[in-house]
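*Asks:* Enclosed is the structure file coords34.txt (compact mmCIF, C-alpha atoms).
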```txt
# COMPACT_ATOMS: atom_id res chain seq x y z
CA MET K 1 58.77 41.62 -125.54
CA SER K 2 58.41 41.25 -121.80
CA VAL K 3 60.33 42.34 -118.73
CA THR K 4 60.08 40.39 -115.47
CA VAL K 5 61.70 41.51 -112.22
CA ARG K 6 62.10 39.08 -109.32
CA PRO K 7 64.14 39.16 -106.08
CA TYR K 8 67.62 37.71 -106.41
CA ARG K 9 68.59 35.19 -103.75
CA ARG K 10 71.80 37.04 -102.79
CA GLY K 11 70.26 40.52 -102.78
CA GLY K 12 69.18 42.89 -105.48
CA TRP K 13 66.92 41.93 -108.36
CA GLU K 14 67.01 39.63 -111.35
CA VAL K 15 65.78 41.31 -114.52
CA ASP K 16 64.52 38.82 -117.11
CA ILE K 17 63.98 40.21 -120.63
CA LEU K 18 62.37 38.11 -123.35
CA TRP K 19 62.63 39.48 -126.89
CA ARG K 20 61.70 38.15 -130.31
CA SER K 21 63.24 39.68 -133.41
CA PRO K 22 61.12 40.49 -136.50
CA GLN K 23 62.81 37.57 -138.28
CA GLY K 24 61.53 35.12 -135.68
CA PRO K 25 64.45 34.06 -133.40
CA ARG K 26 63.79 34.50 -129.70
CA TYR K 27 66.34 36.13 -127.44
CA ARG K 28 66.50 36.09 -123.65
CA GLU K 29 68.67 38.12 -121.32
CA ARG K 30 68.82 37.76 -117.55
CA LYS K 31 70.89 40.03 -115.37
CA ARG K 32 71.27 40.71 -111.66
CA VAL K 33 71.19 44.39 -110.75
CA SER K 34 72.26 45.65 -107.31
CA ILE K 35 69.50 48.20 -106.81
CA ALA K 36 67.49 48.69 -103.63
CA ALA K 37 64.14 49.68 -105.19
CA ARG K 38 62.14 47.31 -107.37
CA SER K 39 60.77 50.23 -109.41
CA THR K 40 64.31 51.31 -110.31
CA ALA K 41 65.16 47.76 -111.41
CA GLU K 42 62.02 47.73 -113.55
CA ARG K 43 63.06 51.00 -115.14
CA TRP K 44 66.51 49.58 -115.88
CA GLY K 45 64.84 46.60 -117.56
CA GLN K 46 62.61 48.86 -119.66
CA LEU K 47 65.63 50.89 -120.81
CA ARG K 48 67.50 47.69 -121.72
CA GLU K 49 64.41 46.42 -123.54
CA ARG K 50 64.28 49.62 -125.60
CA GLU K 51 67.98 49.25 -126.39
CA LEU K 52 67.36 45.72 -127.67
CA MET K 53 64.50 46.90 -129.86
CA LEU K 54 66.63 49.66 -131.40
CA ARG K 55 69.97 47.87 -131.75
CA GLY K 56 69.26 44.18 -131.41
CA PRO K 57 70.96 41.48 -129.26
CA GLY K 58 74.58 42.01 -128.38
CA SER K 59 74.20 45.78 -128.17
CA ARG K 60 75.74 47.25 -125.08
CA ARG K 61 75.76 50.73 -123.62
CA PRO K 62 79.20 52.34 -123.76
CA ALA K 63 81.10 52.42 -120.49
CA ALA K 64 79.95 55.25 -118.22
CA PRO K 65 82.16 58.34 -118.31
CA THR K 66 84.07 59.56 -115.29
CA LEU K 67 82.69 62.47 -113.33
CA ARG K 68 85.50 64.68 -114.68
CA ASP K 69 84.58 63.80 -118.29
CA PHE K 70 80.85 64.29 -117.67
CA TRP K 71 81.21 67.57 -115.71
CA PRO K 72 81.50 69.94 -118.73
CA ARG K 73 78.45 68.29 -120.30
CA PHE K 74 76.52 68.78 -117.04
CA LEU K 75 77.47 72.46 -116.86
CA GLU K 76 76.56 73.12 -120.49
CA GLY K 77 73.40 71.00 -120.65
CA HIS K 78 71.92 71.89 -117.27
CA VAL K 79 73.55 74.85 -115.53
CA TYR K 80 74.13 77.10 -118.55
CA ALA K 81 71.24 75.87 -120.70
CA ASN K 82 68.68 76.56 -117.95
CA ARG K 83 70.03 80.11 -117.51
CA LEU K 84 70.52 79.80 -113.78
CA LYS K 85 71.44 82.95 -111.89
CA PRO K 86 75.09 84.04 -112.15
CA SER K 87 75.51 83.47 -108.41
CA THR K 88 74.14 79.91 -108.77
CA ILE K 89 76.39 79.22 -111.76
CA ALA K 90 79.43 80.42 -109.81
CA ASP K 91 78.39 78.25 -106.85
CA ARG K 92 78.04 75.11 -109.02
CA GLU K 93 81.39 75.75 -110.71
CA SER K 94 83.07 76.34 -107.35
CA ILE K 95 81.66 73.14 -105.81
CA GLY K 96 82.87 71.09 -108.77
CA ARG K 97 86.31 72.69 -108.78
CA ALA K 98 86.91 72.59 -105.01
CA HIS K 99 85.18 69.38 -103.90
CA LEU K 100 83.65 67.02 -106.45
CA LEU K 101 86.34 66.84 -109.13
CA PRO K 102 89.33 66.50 -106.74
CA LYS K 103 87.60 63.76 -104.73
CA LEU K 104 85.43 61.92 -107.27
CA GLY K 105 86.59 63.15 -110.67
CA ALA K 106 88.42 59.94 -111.62
CA ARG K 107 85.49 57.65 -110.76
CA ARG K 108 82.99 56.47 -113.35
CA LEU K 109 79.48 57.74 -112.71
CA ASP K 110 78.08 54.22 -112.22
CA ALA K 111 80.85 53.50 -109.67
CA ILE K 112 79.96 56.32 -107.27
CA THR K 113 78.54 54.04 -104.61
CA THR K 114 76.77 54.90 -101.37
CA GLU K 115 79.92 53.98 -99.45
CA ARG K 116 81.95 56.37 -101.62
CA VAL K 117 79.46 59.15 -100.89
CA GLN K 118 79.91 58.48 -97.17
CA GLN K 119 83.67 58.75 -97.64
CA LEU K 120 83.11 62.09 -99.37
CA LYS K 121 81.11 63.28 -96.35
CA HIS K 122 83.91 62.20 -94.04
CA SER K 123 86.50 64.09 -96.09
CA LEU K 124 84.38 67.24 -95.65
CA GLN K 125 84.02 66.94 -91.89
CA GLU K 126 85.86 70.22 -91.32
CA ASN K 127 83.17 72.05 -93.33
CA ALA K 128 79.85 73.29 -92.01
CA PRO K 129 76.89 70.88 -92.50
CA LYS K 130 75.24 73.35 -94.88
CA THR K 131 78.36 73.39 -97.07
CA VAL K 132 78.49 69.58 -97.11
CA ASN K 133 74.81 69.43 -98.07
CA ASN K 134 75.38 71.89 -100.91
CA VAL K 135 78.08 69.57 -102.29
CA LEU K 136 75.82 66.51 -101.94
CA VAL K 137 72.91 68.25 -103.65
CA VAL K 138 75.06 69.13 -106.67
CA LEU K 139 76.34 65.53 -106.86
CA SER K 140 72.75 64.27 -106.70
CA VAL K 141 71.69 66.56 -109.56
CA VAL K 142 74.68 65.42 -111.66
CA LEU K 143 73.77 61.74 -111.24
CA LYS K 144 70.07 62.36 -111.91
CA LYS K 145 70.93 64.20 -115.12
CA ALA K 146 73.16 61.30 -116.16
CA VAL K 147 70.19 58.93 -115.75
CA GLU K 148 67.80 61.36 -117.47
CA TRP K 149 70.19 61.72 -120.43
CA ASP K 150 70.59 57.92 -120.70
CA VAL K 151 74.29 58.03 -119.77
CA ILE K 152 73.85 55.51 -116.92
CA ASP K 153 71.00 53.10 -116.26
CA HIS K 154 70.12 54.07 -112.72
CA LEU K 155 71.28 56.04 -109.72
CA PRO K 156 74.25 54.12 -108.31
CA CYS K 157 73.92 55.38 -104.73
CA HIS K 158 71.69 56.84 -102.03
CA ILE K 159 72.62 60.34 -100.90
CA ARG K 160 71.53 61.35 -97.41
CA LEU K 161 71.96 64.95 -96.34
CA LEU K 162 73.32 65.93 -92.94
CA PRO K 163 70.90 67.33 -90.36
CA THR K 164 71.22 71.12 -90.16
CA PRO K 165 69.52 72.58 -87.09
CA ARG K 166 68.34 76.12 -87.69
CA ALA K 167 70.38 78.62 -85.74
CA SER K 168 68.65 81.64 -84.28
CA ALA K 169 68.97 84.71 -86.49
CA ALA K 170 71.07 87.49 -84.94
CA PHE K 171 69.40 90.91 -84.99
CA TYR K 172 69.67 94.38 -83.44
CA ASP K 173 67.27 95.13 -80.63
CA PHE K 174 65.31 98.39 -80.76
CA ASP K 175 67.89 100.48 -78.89
CA GLU K 176 70.81 99.02 -80.87
CA TYR K 177 69.04 99.71 -84.14
CA GLU K 178 68.38 103.35 -83.22
CA ALA K 179 72.02 103.75 -82.22
CA LEU K 180 73.09 102.21 -85.53
CA LEU K 181 70.90 104.67 -87.45
CA GLU K 182 72.33 107.67 -85.59
CA ALA K 183 75.85 106.46 -86.26
CA ALA K 184 75.07 105.83 -89.95
CA LYS K 185 73.91 109.45 -90.30
CA LYS K 186 77.37 110.58 -89.21
CA VAL K 187 79.12 108.19 -91.59
CA ASP K 188 77.37 109.13 -94.82
CA ARG K 189 73.84 109.77 -96.04
CA ARG K 190 74.20 106.71 -98.28
CA ALA K 191 75.12 104.60 -95.25
CA TYR K 192 72.04 105.95 -93.44
CA LEU K 193 69.78 105.09 -96.38
CA ALA K 194 71.32 101.62 -96.76
CA VAL K 195 70.63 100.87 -93.08
CA LEU K 196 67.03 102.08 -93.46
CA LEU K 197 66.45 100.00 -96.59
CA GLY K 198 67.68 96.89 -94.79
CA GLY K 199 66.19 97.53 -91.36
CA GLU K 200 62.83 99.11 -92.29
CA ALA K 201 62.12 97.59 -95.71
CA GLY K 202 63.88 94.21 -95.36
CA LEU K 203 65.93 94.50 -98.56
CA ARG K 204 68.81 92.12 -99.13
CA CYS K 205 72.24 93.52 -100.01
CA GLY K 206 71.85 92.89 -103.74
CA GLU K 207 68.37 94.42 -103.68
CA ILE K 208 69.74 97.57 -102.01
CA MET K 209 72.40 97.82 -104.70
CA ALA K 210 69.95 97.32 -107.59
CA LEU K 211 67.14 99.57 -106.32
CA GLU K 212 66.16 102.18 -108.92
CA TRP K 213 64.18 105.39 -108.63
CA GLY K 214 61.52 103.83 -110.84
CA ASP K 215 60.93 101.29 -108.06
CA VAL K 216 60.26 104.04 -105.49
CA ASN K 217 56.75 105.50 -105.39
CA LEU K 218 56.89 108.37 -102.92
CA GLN K 219 53.28 109.32 -103.63
CA LYS K 220 51.96 105.88 -102.68
CA GLY K 221 54.67 105.43 -100.07
CA GLN K 222 55.89 102.03 -101.26
CA ILE K 223 58.91 100.35 -102.80
CA CYS K 224 58.73 97.70 -105.54
CA VAL K 225 61.48 95.11 -105.02
CA GLU K 226 62.01 93.20 -108.26
CA ARG K 227 65.74 92.97 -108.99
CA SER K 228 69.07 92.18 -107.36
CA ASP K 229 72.70 92.88 -108.21
CA TRP K 230 75.40 90.21 -107.86
CA ASN K 231 78.91 91.21 -108.91
CA GLY K 232 77.52 93.53 -111.59
CA TYR K 233 74.93 91.04 -112.89
CA VAL K 234 71.36 92.28 -112.43
CA THR K 235 68.87 89.44 -111.97
CA SER K 236 65.49 88.87 -110.37
CA THR K 237 65.23 88.69 -106.58
CA LYS K 238 65.88 85.48 -104.67
CA GLY K 239 63.09 83.08 -105.57
CA GLY K 240 62.11 85.33 -108.48
CA ARG K 241 59.34 86.98 -106.47
CA LEU K 242 58.37 90.61 -106.93
CA ARG K 243 57.11 92.28 -103.75
CA TYR K 244 55.81 95.67 -102.63
CA VAL K 245 56.95 97.09 -99.29
CA PRO K 246 55.26 100.14 -97.71
CA MET K 247 57.77 102.76 -96.54
CA THR K 248 58.11 104.03 -93.00
CA ALA K 249 57.93 107.81 -92.58
CA ARG K 250 61.67 108.22 -92.03
CA LEU K 251 62.58 105.96 -94.95
CA ALA K 252 60.35 108.05 -97.23
CA ALA K 253 61.89 111.26 -95.86
CA ALA K 254 65.42 109.92 -96.39
CA LEU K 255 64.61 108.96 -99.98
CA ARG K 256 63.16 112.42 -100.72
CA ALA K 257 66.27 114.09 -99.30
CA HIS K 258 68.51 111.78 -101.32
CA ARG K 259 67.10 112.58 -104.80
CA HIS K 260 69.85 112.99 -107.38
CA LEU K 261 70.53 112.99 -111.13
CA GLN K 262 73.56 110.67 -111.15
CA GLY K 263 71.64 107.81 -112.74
CA THR K 264 68.68 105.47 -112.43
CA ARG K 265 69.83 103.74 -109.24
CA VAL K 266 69.08 105.10 -105.81
CA LEU K 267 72.55 104.56 -104.34
CA TYR K 268 75.89 105.30 -105.99
CA ARG K 269 79.45 105.70 -104.82
CA ALA K 270 81.36 108.93 -105.31
CA GLY K 271 81.70 109.78 -108.99
CA GLY K 272 78.48 108.00 -109.91
CA ARG K 273 79.99 104.50 -109.72
CA PRO K 274 77.62 101.62 -108.83
CA LEU K 275 77.78 100.14 -105.35
CA THR K 276 79.53 96.85 -104.69
CA GLN K 277 78.76 94.35 -101.98
CA LYS K 278 81.92 95.34 -100.14
CA VAL K 279 80.92 99.01 -100.12
CA VAL K 280 77.51 98.22 -98.58
CA TYR K 281 79.17 95.97 -96.00
CA ASP K 282 81.62 98.76 -95.17
CA TYR K 283 78.76 101.22 -94.66
CA VAL K 284 77.16 98.96 -92.06
CA ARG K 285 80.45 97.97 -90.37
CA CYS K 286 81.55 101.58 -90.07
CA ALA K 287 78.20 102.59 -88.56
CA ALA K 288 78.28 99.65 -86.12
CA ARG K 289 81.81 100.60 -85.07
CA ARG K 290 80.74 104.19 -84.40
CA ALA K 291 77.74 102.94 -82.41
CA ARG K 292 80.04 100.57 -80.47
CA LEU K 293 77.97 97.56 -81.42
CA PRO K 294 79.76 94.21 -81.20
CA ARG K 295 78.02 92.75 -84.27
CA ALA K 296 77.63 94.05 -87.80
CA GLY K 297 76.20 92.71 -91.02
CA VAL K 298 73.96 93.74 -93.89
CA HIS K 299 71.82 90.62 -93.56
CA MET K 300 71.45 91.32 -89.83
CA LEU K 301 69.39 94.34 -90.90
CA ARG K 302 66.98 92.05 -92.73
CA HIS K 303 66.78 89.80 -89.66
CA THR K 304 66.15 92.96 -87.62
CA PHE K 305 63.30 93.93 -89.94
CA CYS K 306 61.58 90.55 -89.55
CA SER K 307 62.30 90.31 -85.81
CA HIS K 308 60.94 93.77 -85.01
CA LEU K 309 57.76 93.03 -86.97
CA ALA K 310 57.29 89.80 -85.00
CA MET K 311 57.98 91.54 -81.69
CA ARG K 312 55.35 94.16 -82.56
CA GLY K 313 52.79 91.39 -83.16
CA ALA K 314 52.70 91.25 -86.98
CA PRO K 315 51.15 88.01 -88.36
CA ALA K 316 53.52 85.47 -89.88
CA ARG K 317 51.80 85.70 -93.27
CA ALA K 318 52.32 89.48 -93.40
CA ILE K 319 56.02 89.12 -92.52
CA GLN K 320 56.40 86.44 -95.21
CA GLU K 321 54.94 88.75 -97.87
CA LEU K 322 56.99 91.78 -96.81
CA ALA K 323 60.25 89.84 -96.62
CA GLY K 324 59.61 87.79 -99.77
CA HIS K 325 60.12 84.42 -98.09
CA MET K 326 59.29 81.51 -100.37
CA ASP K 327 58.37 79.25 -97.46
CA ILE K 328 56.43 80.14 -94.31
CA THR K 329 58.86 77.97 -92.30
CA THR K 330 61.55 80.60 -92.95
CA THR K 331 59.28 83.25 -91.45
CA GLN K 332 58.47 81.08 -88.45
CA ARG K 333 62.08 81.42 -87.28
CA TYR K 334 61.05 84.86 -86.00
CA MET K 335 57.64 84.08 -84.54
CA HIS K 336 58.99 82.97 -81.16
CA LEU K 337 59.67 86.69 -80.66
CA SER K 338 56.00 87.61 -81.01
CA PRO K 339 54.51 88.25 -77.54
CA ALA K 340 51.09 88.84 -79.10
CA ALA K 341 51.02 85.36 -80.61
CA ILE K 342 52.22 83.76 -77.37
CA ASP K 343 49.74 85.69 -75.27
CA SER K 344 46.80 84.82 -77.52
CA ALA K 345 47.77 81.14 -77.38
CA ILE K 346 47.77 81.12 -73.58
CA ARG K 347 44.43 82.97 -73.52
CA LEU K 348 42.90 79.93 -75.26
CA LEU K 349 43.25 78.06 -71.97
CA GLU K 350 40.93 80.56 -70.31
CA ILE K 351 38.00 79.94 -72.64
CA ARG K 352 35.39 78.11 -70.62
CA ARG K 353 33.44 75.29 -72.13
CA GLN K 354 29.79 76.08 -72.74
```
Have the structure of the file written as structure tokens, please.

*Replies:*
Amino acid sequence: MSVTVRPYRRGGWEVDILWRSPQGPRYRERKRVSIAARSTAERWGQLRERELMLRGPGSRRPAAPTLRDFWPRFLEGHVYANRLKPSTIADRESIGRAHLLPKLGARRLDAITTERVQQLKHSLQENAPKTVNNVLVVLSVVLKKAVEWDVIDHLPCHIRLLPTPRASAAFYDFDEYEALLEAAKKVDRRAYLAVLLGGEAGLRCGEIMALEWGDVNLQKGQICVERSDWNGYVTSTKGGRLRYVPMTARLAAALRAHRHLQGTRVLYRAGGRPLTQKVVYDYVRCAARRARLPRAGVHMLRHTFCSHLAMRGAPARAIQELAGHMDITTTQRYMHLSPAAIDSAIRLLEIRRQ
């Protein structure tokens, strides 16, 4: 057997397959495929060649299913089978239910063209670019799985994400943070500890909720961050990275004063009930209201942690390790705040040549 790919005069590629059966007769099949990349056309030809070897001439792949018909198979074979985090599973299900199935559900997978993807983008113009990109990424994964599982021959479209400029991360300055802490003390000792865990250890909301006494080493003065809570599901941290964070003196003192026998977790609601995301948010909002701060947010505490480290001159690599950032580019969002780094860069101009 042989597969030859040559440019087609009206665009695309001509795939020429020559096949000889074991009984002797020769069979030839030529087909034009509207694919931009030659390598993809070659792959299509190889798949068709394999189909001929297995089934013989005249065999044809069944018609591609619609996105709505393929969606349950995608969820079961990729999302559920790979044991993605509950938050990721909920996100994928939500994107399919709210965006992909209403807009593309009736289309066959091999008929989702580049133009149709552009129309999908246009229909989402009221959404933030990050939301649109999340939808496009899920669609891309669906189509790639369809190719990988031999449901369609090749990707039928090119998916280009929208540019998403990084916005500056809002944070509390030093005076605002101290005012927030004082206000949190008056709200509740749990609110005070939640603010400290976010602002002086950089924990995310789910990590604050899932923190256990076994993760707190008061003798060594450090916290092990290895789990997160999302709607009652305890999973690994974002990115699956375990990290150790040294405690500040007042965080260690607050943890010592907070020791209890209600359960394994550090923070509970009244009656020993686990925290929820809303409860943690309410702690921070209530403290911000008492401190008369215009902004409030649990994740702002994490931004405050990273920003204060940068403003005190901490190296980017150290901030990355403490915050558990997967990529150094995430950490570099804060480095413009580092006067030490800026000053040392300017000092390079003063070095005289020998």

*Asks:* Would you mind telling me which residue in K:Ala170, K:Arg227, K:Gly202, K:Asp16 lies nearest to K:Gln320 when using all atoms listed in the file?

*Replies:*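 Between K:Ala170, K:Arg227, K:Gly202, K:Asp16, the residue approaching K:Gln320 most closely is K:Gly202.
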
*Asks:* Which neighbours of stretch 323-332 of chain K fall inside 9 Å, counting all atoms listed in the file, when residues of the same chain fewer than 6 positions from it are skipped, and could you give them as an MDAnalysis selection string?

*Replies:* chainID K and resid 201:203 237:239 241:243 245 302 305:306 316:317

*Asks:* Find the nearest atom pair between each residue of stretch 115-208 of chain K and stretch 270-285 of chain K for residues within 10 Å, count only C-alpha atoms, give distances in Å to one decimal, sort rows by chain and ascending number, and present the table as JSON lines.

*Replies:*
```
{"residue": "K:Leu180", "atom": "CA", "partner": "K:Val284", "partner_atom": "CA", "distance": 8.4}
{"residue": "K:Leu181", "atom": "CA", "partner": "K:Val284", "partner_atom": "CA", "distance": 9.6}
{"residue": "K:Ala183", "atom": "CA", "partner": "K:Val284", "partner_atom": "CA", "distance": 9.6}
{"residue": "K:Ala184", "atom": "CA", "partner": "K:Val284", "partner_atom": "CA", "distance": 7.5}
{"residue": "K:Val187", "atom": "CA", "partner": "K:Tyr283", "partner_atom": "CA", "distance": 7.6}
{"residue": "K:Asp188", "atom": "CA", "partner": "K:Tyr283", "partner_atom": "CA", "distance": 8.0}
{"residue": "K:Arg189", "atom": "CA", "partner": "K:Tyr283", "partner_atom": "CA", "distance": 10.0}
{"residue": "K:Arg190", "atom": "CA", "partner": "K:Tyr283", "partner_atom": "CA", "distance": 8.0}
{"residue": "K:Ala191", "atom": "CA", "partner": "K:Tyr283", "partner_atom": "CA", "distance": 5.0}
{"residue": "K:Tyr192", "atom": "CA", "partner": "K:Tyr283", "partner_atom": "CA", "distance": 8.3}
{"residue": "K:Leu193", "atom": "CA", "partner": "K:Tyr283", "partner_atom": "CA", "distance": 9.9}
{"residue": "K:Ala194", "atom": "CA", "partner": "K:Val280", "partner_atom": "CA", "distance": 7.3}
{"residue": "K:Val195", "atom": "CA", "partner": "K:Val284", "partner_atom": "CA", "distance": 6.9}
{"residue": "K:Cys205", "atom": "CA", "partner": "K:Gln277", "partner_atom": "CA", "distance": 6.9}
{"residue": "K:Gly206", "atom": "CA", "partner": "K:Gln277", "partner_atom": "CA", "distance": 7.3}
{"residue": "K:Ile208", "atom": "CA", "partner": "K:Val280", "partner_atom": "CA", "distance": 8.5}
```

*Asks:* Can you tell me how far atom CA of K:Ser2 sits from atom CA of K:Pro156, in Å to one decimal?

*Replies:*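 We find that atom CA of K:Ser2 and atom CA of K:Pro156 lie 24.5 Å from each other.
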
*Asks:* Measure the distance from atom CA of K:Thr113 to atom CA of K:Cys157 in Å and round it to one decimal.

*Replies:*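 Computed distance, atom CA of K:Thr113 to atom CA of K:Cys157, equals 4.8 Å.
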
*Asks:* Just give me the gap between atom CA of K:Arg333 and atom CA of K:Gly221 in Å, one decimal is fine.

*Replies:*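 Value for the atom CA of K:Arg333-atom CA of K:Gly221 distance: 28.2 Å.
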
*Asks:* Find the residue from K:Ala36, K:Ser140, K:Lys130, K:Val135 that sits nearest to K:Ala98; use all atoms listed in the file when measuring.

*Replies:*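 Smallest distance to K:Ala98 is found for K:Val135.
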
*Asks:* Quick one: of K:Ser21, K:Phe74, K:Glu207, K:Arg28, who's nearest to K:Tyr233, counting all atoms listed in the file?

*Replies:*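 Result for the nearest residue to K:Tyr233: K:Glu207.
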
*Asks:* Of the candidates K:Leu218, K:Leu104, K:Leu75, K:Pro86, which shows the shortest atom-to-atom distance to K:Ala253, using all atoms listed in the file?

*Replies:*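 Among the listed residues, the smallest separation from K:Ala253 belongs to K:Leu218.
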
*Asks:* Give the answer as one residue: which of K:Ile159, K:Ser236, K:Glu76, K:Val151 has the shortest atom-to-atom distance to K:Lys121, using all atoms listed in the file?

*Replies:* K:Ile159

*Asks:* Within 12 Å of (58.1, 100.9, -99.2), only C-alpha atoms: residues as number ranges by chain?

*Replies:* K: 196-203, 211, 215-225, 243-255, 322-323

*Asks:* Keeping only C-alpha atoms, write the selected residues as a JSON list (two decimals), in the frame of the given file.

*Replies:*
```
[["chain", "number", "residue", "atom", "x", "y", "z"],
["K", 196, "LEU", "CA", 67.03, 102.08, -93.46],
["K", 197, "LEU", "CA", 66.45, 100.00, -96.59],
["K", 198, "GLY", "CA", 67.68, 96.89, -94.79],
["K", 199, "GLY", "CA", 66.19, 97.53, -91.36],
["K", 200, "GLU", "CA", 62.83, 99.11, -92.29],
["K", 201, "ALA", "CA", 62.12, 97.59, -95.71],
["K", 202, "GLY", "CA", 63.88, 94.21, -95.36],
["K", 203, "LEU", "CA", 65.93, 94.50, -98.56],
["K", 211, "LEU", "CA", 67.14, 99.57, -106.32],
["K", 215, "ASP", "CA", 60.93, 101.29, -108.06],
["K", 216, "VAL", "CA", 60.26, 104.04, -105.49],
["K", 217, "ASN", "CA", 56.75, 105.50, -105.39],
["K", 218, "LEU", "CA", 56.89, 108.37, -102.92],
["K", 219, "GLN", "CA", 53.28, 109.32, -103.63],
["K", 220, "LYS", "CA", 51.96, 105.88, -102.68],
["K", 221, "GLY", "CA", 54.67, 105.43, -100.07],
["K", 222, "GLN", "CA", 55.89, 102.03, -101.26],
["K", 223, "ILE", "CA", 58.91, 100.35, -102.80],
["K", 224, "CYS", "CA", 58.73, 97.70, -105.54],
["K", 225, "VAL", "CA", 61.48, 95.11, -105.02],
["K", 243, "ARG", "CA", 57.11, 92.28, -103.75],
["K", 244, "TYR", "CA", 55.81, 95.67, -102.63],
["K", 245, "VAL", "CA", 56.95, 97.09, -99.29],
["K", 246, "PRO", "CA", 55.26, 100.14, -97.71],
["K", 247, "MET", "CA", 57.77, 102.76, -96.54],
["K", 248, "THR", "CA", 58.11, 104.03, -93.00],
["K", 249, "ALA", "CA", 57.93, 107.81, -92.58],
["K", 250, "ARG", "CA", 61.67, 108.22, -92.03],
["K", 251, "LEU", "CA", 62.58, 105.96, -94.95],
["K", 252, "ALA", "CA", 60.35, 108.05, -97.23],
["K", 253, "ALA", "CA", 61.89, 111.26, -95.86],
["K", 254, "ALA", "CA", 65.42, 109.92, -96.39],
["K", 255, "LEU", "CA", 64.61, 108.96, -99.98],
["K", 322, "LEU", "CA", 56.99, 91.78, -96.81],
["K", 323, "ALA", "CA", 60.25, 89.84, -96.62]]
```

*Asks:* Can you tell me which residues surround K:His303 at a distance of at most 7 Å, considering all atoms listed in the file, apart from same-chain residues fewer than 3 positions away, and format the answer as a VMD selection string?

*Replies:* chain K and resid 169 to 171 299 to 300 306 to 307

*Asks:* Can you work out which one of K:Tyr177, K:Leu261, K:Leu349, K:Met53 has the shortest atom-to-atom distance to K:Arg295, counting all atoms listed in the file?

*Replies:*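 Once distances to K:Arg295 are computed over all atoms listed in the file, the minimum belongs to K:Tyr177.
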
*Asks:* Excluding K:Leu109 and residues on its chain fewer than 4 positions from it, collect all residues at most 8 Å away from it, counting all atoms listed in the file, and give them as a list in words.

*Replies:*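 Selected residues are Ala64, Pro65, Thr66, Leu67, Leu143, Ile152 and Pro156 of chain K.
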
*Asks:* Residues near stretch 144-148 of chain K, anyone? I mean within 9 Å using all atoms listed in the file, not counting same-chain ones fewer than 5 positions away, as a PyMOL selection string.

*Replies:* chain K and resi 70+74+78+109+139+153-155

*Asks:* Pull C-alpha atoms from the residues just selected and write them as a PDB file, in the frame of the given file.

*Replies:*
```
ATOM      1  CA  PHE K  70      80.850  64.290-117.670  1.00  0.00           C
ATOM      2  CA  PHE K  74      76.520  68.780-117.040  1.00  0.00           C
ATOM      3  CA  HIS K  78      71.920  71.890-117.270  1.00  0.00           C
ATOM      4  CA  LEU K 109      79.480  57.740-112.710  1.00  0.00           C
ATOM      5  CA  LEU K 139      76.340  65.530-106.860  1.00  0.00           C
ATOM      6  CA  ASP K 153      71.000  53.100-116.260  1.00  0.00           C
ATOM      7  CA  HIS K 154      70.120  54.070-112.720  1.00  0.00           C
ATOM      8  CA  LEU K 155      71.280  56.040-109.720  1.00  0.00           C
TER       9      LEU K 155
END
```

*Asks:* Please return, as a PDB file with C-alpha atoms, in the frame of the given file, all polymer residues that have at least one atom within 12 Å of the point (85.1, 56.5, -101.9); use only C-alpha atoms and the file's own coordinate frame.

*Replies:*
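Output below, filename part.pdb:
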```
ATOM      1  CA  LEU K 100      83.650  67.020-106.450  1.00  0.00           C
ATOM      2  CA  PRO K 102      89.330  66.500-106.740  1.00  0.00           C
ATOM      3  CA  LYS K 103      87.600  63.760-104.730  1.00  0.00           C
ATOM      4  CA  LEU K 104      85.430  61.920-107.270  1.00  0.00           C
ATOM      5  CA  GLY K 105      86.590  63.150-110.670  1.00  0.00           C
ATOM      6  CA  ALA K 106      88.420  59.940-111.620  1.00  0.00           C
ATOM      7  CA  ARG K 107      85.490  57.650-110.760  1.00  0.00           C
ATOM      8  CA  ARG K 108      82.990  56.470-113.350  1.00  0.00           C
ATOM      9  CA  ALA K 111      80.850  53.500-109.670  1.00  0.00           C
ATOM     10  CA  ILE K 112      79.960  56.320-107.270  1.00  0.00           C
ATOM     11  CA  THR K 113      78.540  54.040-104.610  1.00  0.00           C
ATOM     12  CA  THR K 114      76.770  54.900-101.370  1.00  0.00           C
ATOM     13  CA  GLU K 115      79.920  53.980 -99.450  1.00  0.00           C
ATOM     14  CA  ARG K 116      81.950  56.370-101.620  1.00  0.00           C
ATOM     15  CA  VAL K 117      79.460  59.150-100.890  1.00  0.00           C
ATOM     16  CA  GLN K 118      79.910  58.480 -97.170  1.00  0.00           C
ATOM     17  CA  GLN K 119      83.670  58.750 -97.640  1.00  0.00           C
ATOM     18  CA  LEU K 120      83.110  62.090 -99.370  1.00  0.00           C
ATOM     19  CA  LYS K 121      81.110  63.280 -96.350  1.00  0.00           C
ATOM     20  CA  HIS K 122      83.910  62.200 -94.040  1.00  0.00           C
ATOM     21  CA  SER K 123      86.500  64.090 -96.090  1.00  0.00           C
ATOM     22  CA  CYS K 157      73.920  55.380-104.730  1.00  0.00           C
TER      23      CYS K 157
END
```
